[in-house]
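*Asks:* This is the structure I have questions about; it appears just below.
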Amino acid sequence: MGSATTVSVRSCDDVELGGARARPEPARVSACIERFTDWLDEYGETSWDHQSYYAGPIGRRAKALYYSHPGLGVPAVLPMVISEALIPAGRRLFWRRQRFPIADAHYAMGFAALSVLTGKGAHLDRARHFLEVLEGTRCQGYEHHGWGYPFDWVTRTGVMKSGTPLITTTPYVYEAFASVQALDPAAWQVDVMRSVAEHALRDIPDRVVSEDTSAAGYNPQDRQGCVVNASAYRAFLLFEAADRFASDEYARTAGRNLNFVLESQRPDGAWPYAIDGERDFVDHFHTCFVLKALAKIEQVTGDARCTRAIEAGVRYYTEHLFYEDGLPRPFSRAPRLTVYRSELYDYAECINLGVLLRGRFASLDGRVEAAVGDLLTRWQKRDGSFRSRKLIFGWDNVPMHRWAQAQLFRALVLYRYGSDHKAA
């Protein structure tokens, strides 16, 4: 890979040395994290969401009409689109604050890592708390443990009911239990992790693509198997569980899903969101999801195919999913008109990926330092929370745990932890 890209963001106060952005001062990152945890204590563990506009009955009907009859649906969703672009706080009129398992999982991981960084037992207690919450919010009606969204999600193929386990959420909960288990072993945590692995194996369907390749469904009802990151998530979870629980069955299924992910990579290194002939856009955080999964699989298996895919993927990622100033760009080519310029979720996943691959790609390291510097300067609000989006005009300042306060908290803690423990 080439040398780190020189970036310039006028609002950042970190300096540039030798053509690469200098790492933000660890003390600034620590102060940022402390301010955020103070805000979380005050704000609470529920929030509105990116989907709040469409989670209530009015929004669900409008979105369903948009998918079934676009000519009628566009006027129906237009008030919500305008609100999101100009008055983001208006989402409060459409739905209520909720708890999100994917956010609780990231908070558990973040506080577990923070307990190591600071040596404070209170942070480990907070991580245990989130595990207990997660145990109580698992999807009902399934033998094994899985987690999804707490709202009915209207999609292009129908309504995904609240409480449907998602393979894009459940692996984070597995990782949360693994993170706390490593610091504070408990038998019930291992039981949950084994149950999660059984859910991923037994409840998530596969679409057979070839003799040695299968695509994982997004949820137990999805037999289309076309979303690339779904297969990446499942492959990672089952490879990790295969190693932890010595299961050849987990490994075999994981291998078939991994083959699908590798075969879905384009010659230029990119992954489309889905292999369905329609949703072929390439965006920032879904690209990070796939690359993160491959990096974790590489750690577990040592598979050289993952290494090659990561190298090509990072090359595409750093060249096409950042603006000229070196900051995260939502799409390499947007699939539709968007009302925002920058996304907090992209920043969070950029850092999460950078932590996993730190030191391997100078170009990626430079992008991560730029993102962290910009977050510390422009994105954190006075109350300690983070802005959710940079809109075309102004900011979306509504803090949303799933989108992506929790993911960023975990990312910054791991980034800060790694800066002191890189040799560990």
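To be explicit about the labels: the chains of the structure tokens are called A, B, and onward in the order shown, and within each one the residues are counted from 1, while ligands get numbers from 1 in the order they are shown.
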Using only C-alpha atoms, determine which residues lie at most 12 Å from Glu132 in chain A, disregarding the query and same-chain residues fewer than 3 positions distant; provide the list as a CSV table (one decimal) with N, CA and C atoms, in the first residue's frame.
*Replies:*
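That gives us selection.csv:
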chain,number,residue,atom,x,y,z
A,101,PRO,N,-30.8,-3.4,21.1
A,101,PRO,CA,-29.8,-4.4,21.4
A,101,PRO,C,-28.4,-4.2,20.8
A,104,ASP,N,-26.8,-1.7,23.0
A,104,ASP,CA,-26.4,-2.3,24.3
A,104,ASP,C,-25.2,-3.2,24.2
A,105,ALA,N,-25.1,-3.9,23.1
A,105,ALA,CA,-23.9,-4.8,22.9
A,105,ALA,C,-22.6,-3.9,22.7
A,108,ALA,N,-21.7,-2.5,26.1
A,108,ALA,CA,-21.1,-3.6,26.9
A,108,ALA,C,-19.6,-3.8,26.5
A,125,ASP,N,-18.7,-3.3,35.9
A,125,ASP,CA,-20.0,-3.5,36.4
A,125,ASP,C,-21.0,-3.0,35.4
A,126,ARG,N,-20.7,-1.9,34.7
A,126,ARG,CA,-21.6,-1.3,33.7
A,126,ARG,C,-21.7,-2.3,32.5
A,127,ALA,N,-20.6,-2.9,32.1
A,127,ALA,CA,-20.6,-3.9,31.1
A,127,ALA,C,-21.5,-5.1,31.4
A,128,ARG,N,-21.4,-5.6,32.7
A,128,ARG,CA,-22.2,-6.7,33.1
A,128,ARG,C,-23.7,-6.3,33.1
A,129,HIS,N,-24.0,-5.1,33.4
A,129,HIS,CA,-25.3,-4.6,33.4
A,129,HIS,C,-25.9,-4.7,32.0
A,135,GLU,N,-29.8,-10.2,28.0
A,135,GLU,CA,-30.4,-11.4,28.2
A,135,GLU,C,-32.0,-11.3,28.3
A,136,GLY,N,-32.4,-10.1,28.8
A,136,GLY,CA,-33.8,-9.9,28.9
A,136,GLY,C,-34.5,-9.4,27.7
A,137,THR,N,-33.7,-9.0,26.7
A,137,THR,CA,-34.3,-8.4,25.4
A,137,THR,C,-34.1,-9.3,24.2
A,138,ARG,N,-33.7,-10.6,24.4
A,138,ARG,CA,-33.6,-11.5,23.3
A,138,ARG,C,-35.0,-11.7,22.6
A,173,VAL,N,-23.8,-9.0,19.8
A,173,VAL,CA,-24.2,-9.5,21.2
A,173,VAL,C,-23.2,-10.6,21.6
A,176,ALA,N,-20.1,-9.1,22.6
A,176,ALA,CA,-20.2,-8.5,23.9
A,176,ALA,C,-20.0,-9.5,25.0
A,177,PHE,N,-20.7,-10.6,24.9
A,177,PHE,CA,-20.6,-11.6,25.9
A,177,PHE,C,-19.1,-12.2,26.0
A,180,VAL,N,-16.8,-9.6,27.9
A,180,VAL,CA,-17.0,-9.6,29.3
A,180,VAL,C,-16.5,-10.9,29.9
A,188,TRP,N,-22.9,-18.7,32.8
A,188,TRP,CA,-24.1,-18.4,32.1
A,188,TRP,C,-23.8,-17.6,30.8
A,189,GLN,N,-22.7,-16.8,30.9
A,189,GLN,CA,-22.3,-16.1,29.7
A,189,GLN,C,-21.9,-17.1,28.5
A,192,VAL,N,-24.9,-18.6,27.0
A,192,VAL,CA,-25.6,-17.7,26.0
A,192,VAL,C,-24.8,-17.7,24.7
*Asks:* Using only C-alpha atoms, find each residue in range 218-278 of chain A having at least one atom no more than 12 Å away from range 154-157 of chain A; report its shortest atom-to-atom pair and that distance in Å (one decimal), rows by chain then rising number, as a Markdown table.
*Replies:*
| residue | atom | partner | partner_atom | distance |
| --- | --- | --- | --- | --- |
| A:Gln221 | CA | A:Thr157 | CA | 11.4 |
| A:Asp222 | CA | A:Thr157 | CA | 9.9 |
| A:Arg223 | CA | A:Thr157 | CA | 11.9 |
| A:Gln224 | CA | A:Thr157 | CA | 10.6 |
| A:Glu278 | CA | A:Arg156 | CA | 11.2 |
*Asks:* Please provide as a list in words all residues within 8 Å of range 46-62 of chain A, with the sequence filter that same-chain residues fewer than 3 positions apart are discarded (counting only C-alpha atoms).
*Replies:*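 Those residues are Leu65, Tyr66, Gly73, Ala76, Val77, Met80, Arg91, Arg92, Phe94, Trp95, Arg96, Arg97, Gln98, Arg99, Phe100, Phe151, Asp152, Trp153, Val154, Val398, Pro399, Met400, His401, Arg402 and Trp403 of chain A.
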*Asks:* Excluding same-chain residues fewer than 5 positions from Asn352 in chain A, what lies within 9 Å of it counting only C-alpha atoms, as a list in words?
*Replies:*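 Counting only the stated atoms, we get Cys288, Lys292, Tyr347, Leu357, Gln407, Leu408, Arg410, Ala411, Leu412, Leu414 and Tyr415 of chain A.
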*Asks:* Print the selection's residues with N, CA and C atoms to a file, as an mmCIF file, in the first residue's frame.
*Replies:*
data_model
loop_
_atom_site.group_PDB
_atom_site.id
_atom_site.type_symbol
_atom_site.label_atom_id
_atom_site.label_comp_id
_atom_site.auth_asym_id
_atom_site.auth_seq_id
_atom_site.Cartn_x
_atom_site.Cartn_y
_atom_site.Cartn_z
ATOM 1 N N CYS A 288 -17.161 -1.401 5.651
ATOM 2 C CA CYS A 288 -16.430 -1.663 6.902
ATOM 3 C C CYS A 288 -16.898 -2.957 7.555
ATOM 4 N N LYS A 292 -14.277 -5.760 8.409
ATOM 5 C CA LYS A 292 -14.085 -6.145 9.806
ATOM 6 C C LYS A 292 -14.270 -7.650 9.982
ATOM 7 N N TYR A 347 -17.952 7.311 10.535
ATOM 8 C CA TYR A 347 -16.797 7.620 11.379
ATOM 9 C C TYR A 347 -16.533 6.485 12.364
ATOM 10 N N LEU A 357 -7.030 -3.236 12.016
ATOM 11 C CA LEU A 357 -5.959 -3.343 11.025
ATOM 12 C C LEU A 357 -4.831 -2.348 11.285
ATOM 13 N N GLN A 407 -21.708 2.707 18.844
ATOM 14 C CA GLN A 407 -20.617 2.200 18.017
ATOM 15 C C GLN A 407 -19.388 3.100 18.121
ATOM 16 N N LEU A 408 -19.628 4.406 18.170
ATOM 17 C CA LEU A 408 -18.503 5.335 18.256
ATOM 18 C C LEU A 408 -17.833 5.266 19.628
ATOM 19 N N ARG A 410 -17.571 2.639 21.588
ATOM 20 C CA ARG A 410 -16.705 1.453 21.558
ATOM 21 C C ARG A 410 -15.457 1.717 20.722
ATOM 22 N N ALA A 411 -15.649 2.345 19.556
ATOM 23 C CA ALA A 411 -14.527 2.594 18.653
ATOM 24 C C ALA A 411 -13.471 3.476 19.317
ATOM 25 N N LEU A 412 -13.909 4.545 19.969
ATOM 26 C CA LEU A 412 -12.955 5.465 20.587
ATOM 27 C C LEU A 412 -12.235 4.832 21.773
ATOM 28 N N LEU A 414 -11.545 1.594 22.120
ATOM 29 C CA LEU A 414 -10.562 0.657 21.571
ATOM 30 C C LEU A 414 -9.410 1.393 20.897
ATOM 31 N N TYR A 415 -9.712 2.502 20.248
ATOM 32 C CA TYR A 415 -8.662 3.328 19.648
ATOM 33 C C TYR A 415 -7.732 3.858 20.735
#
*Asks:* Looking only at the backbone, which of the residues in range 129-264 of chain A does DSSP tag as alpha helix (DSSP H), as an MDAnalysis selection string?
*Replies:* chainID A and resid 129:136 170:183 187:202 228:245 248:264
*Asks:* Counting only C-alpha atoms, figure out which residue out of A:Cys306, A:Ala270, A:Val355, A:Ile167 gets nearest to Asp203 in chain A.
*Replies:*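 For Asp203 in chain A, the nearest of the given residues is A:Ile167.
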*Asks:* So, with only C-alpha atoms as the atoms that count, which of A:Tyr142, A:Leu183, A:Glu198, A:Ala85 lies closest to Arg341 in chain A?
*Replies:*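 For Arg341 in chain A, the nearest of the given residues is A:Ala85.
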*Asks:* Can you list every residue in range 205-365 of chain A that DSSP puts in strand (DSSP E or B), as a list in words?
*Replies:* Asp206, Arg207, Val208, Val209, Ser210, Thr213, Ser214, Ala215, Ala216, Val227, Ala274, Asp283, Phe322, Pro328, Phe331, Tyr340, Arg341, Ser342 and Glu343 of chain A
*Asks:* Find the spatial neighbours of Asn257 in chain A, counting only C-alpha atoms, within a cut-off of 6 Å - ignore same-chain residues fewer than 2 positions away - and output them as a compact mmCIF listing (two decimals) with N, CA and C atoms, in the first residue's frame.
*Replies:*
# COMPACT_ATOMS: atom_id res chain seq x y z
N SER A 214 -22.47 -20.86 -0.04
CA SER A 214 -23.85 -20.55 0.36
C SER A 214 -23.92 -19.12 0.86
N ALA A 215 -25.05 -18.49 0.63
CA ALA A 215 -25.30 -17.13 1.10
C ALA A 215 -26.26 -17.18 2.27
N SER A 231 -23.79 -12.50 5.20
CA SER A 231 -22.94 -13.70 5.13
C SER A 231 -21.61 -13.48 5.84
N ALA A 235 -20.40 -15.77 8.93
CA ALA A 235 -19.14 -16.50 8.79
C ALA A 235 -18.23 -16.21 9.97
N ALA A 254 -19.56 -21.89 8.18
CA ALA A 254 -18.87 -20.61 8.08
C ALA A 254 -18.05 -20.54 6.80
N GLY A 255 -17.40 -21.63 6.45
CA GLY A 255 -16.58 -21.65 5.24
C GLY A 255 -17.38 -21.42 3.98
N ASN A 259 -16.90 -18.20 1.48
CA ASN A 259 -16.71 -18.31 0.03
C ASN A 259 -17.62 -17.36 -0.72
N PHE A 260 -18.87 -17.21 -0.24
CA PHE A 260 -19.80 -16.29 -0.89
C PHE A 260 -19.28 -14.85 -0.80
*Asks:* Mind checking which residues fall within 7 Å of Arg367 in chain A, counting only C-alpha atoms, ignoring those fewer than 3 positions away in the same chain, and posting them as a ChimeraX atom specification?
*Replies:* /A:326-327,363-364,370-371
*Asks:* CA of Phe322 in chain A to CA of Ser342 in chain A: how many Å, to one decimal?
*Replies:* 10.1 Å
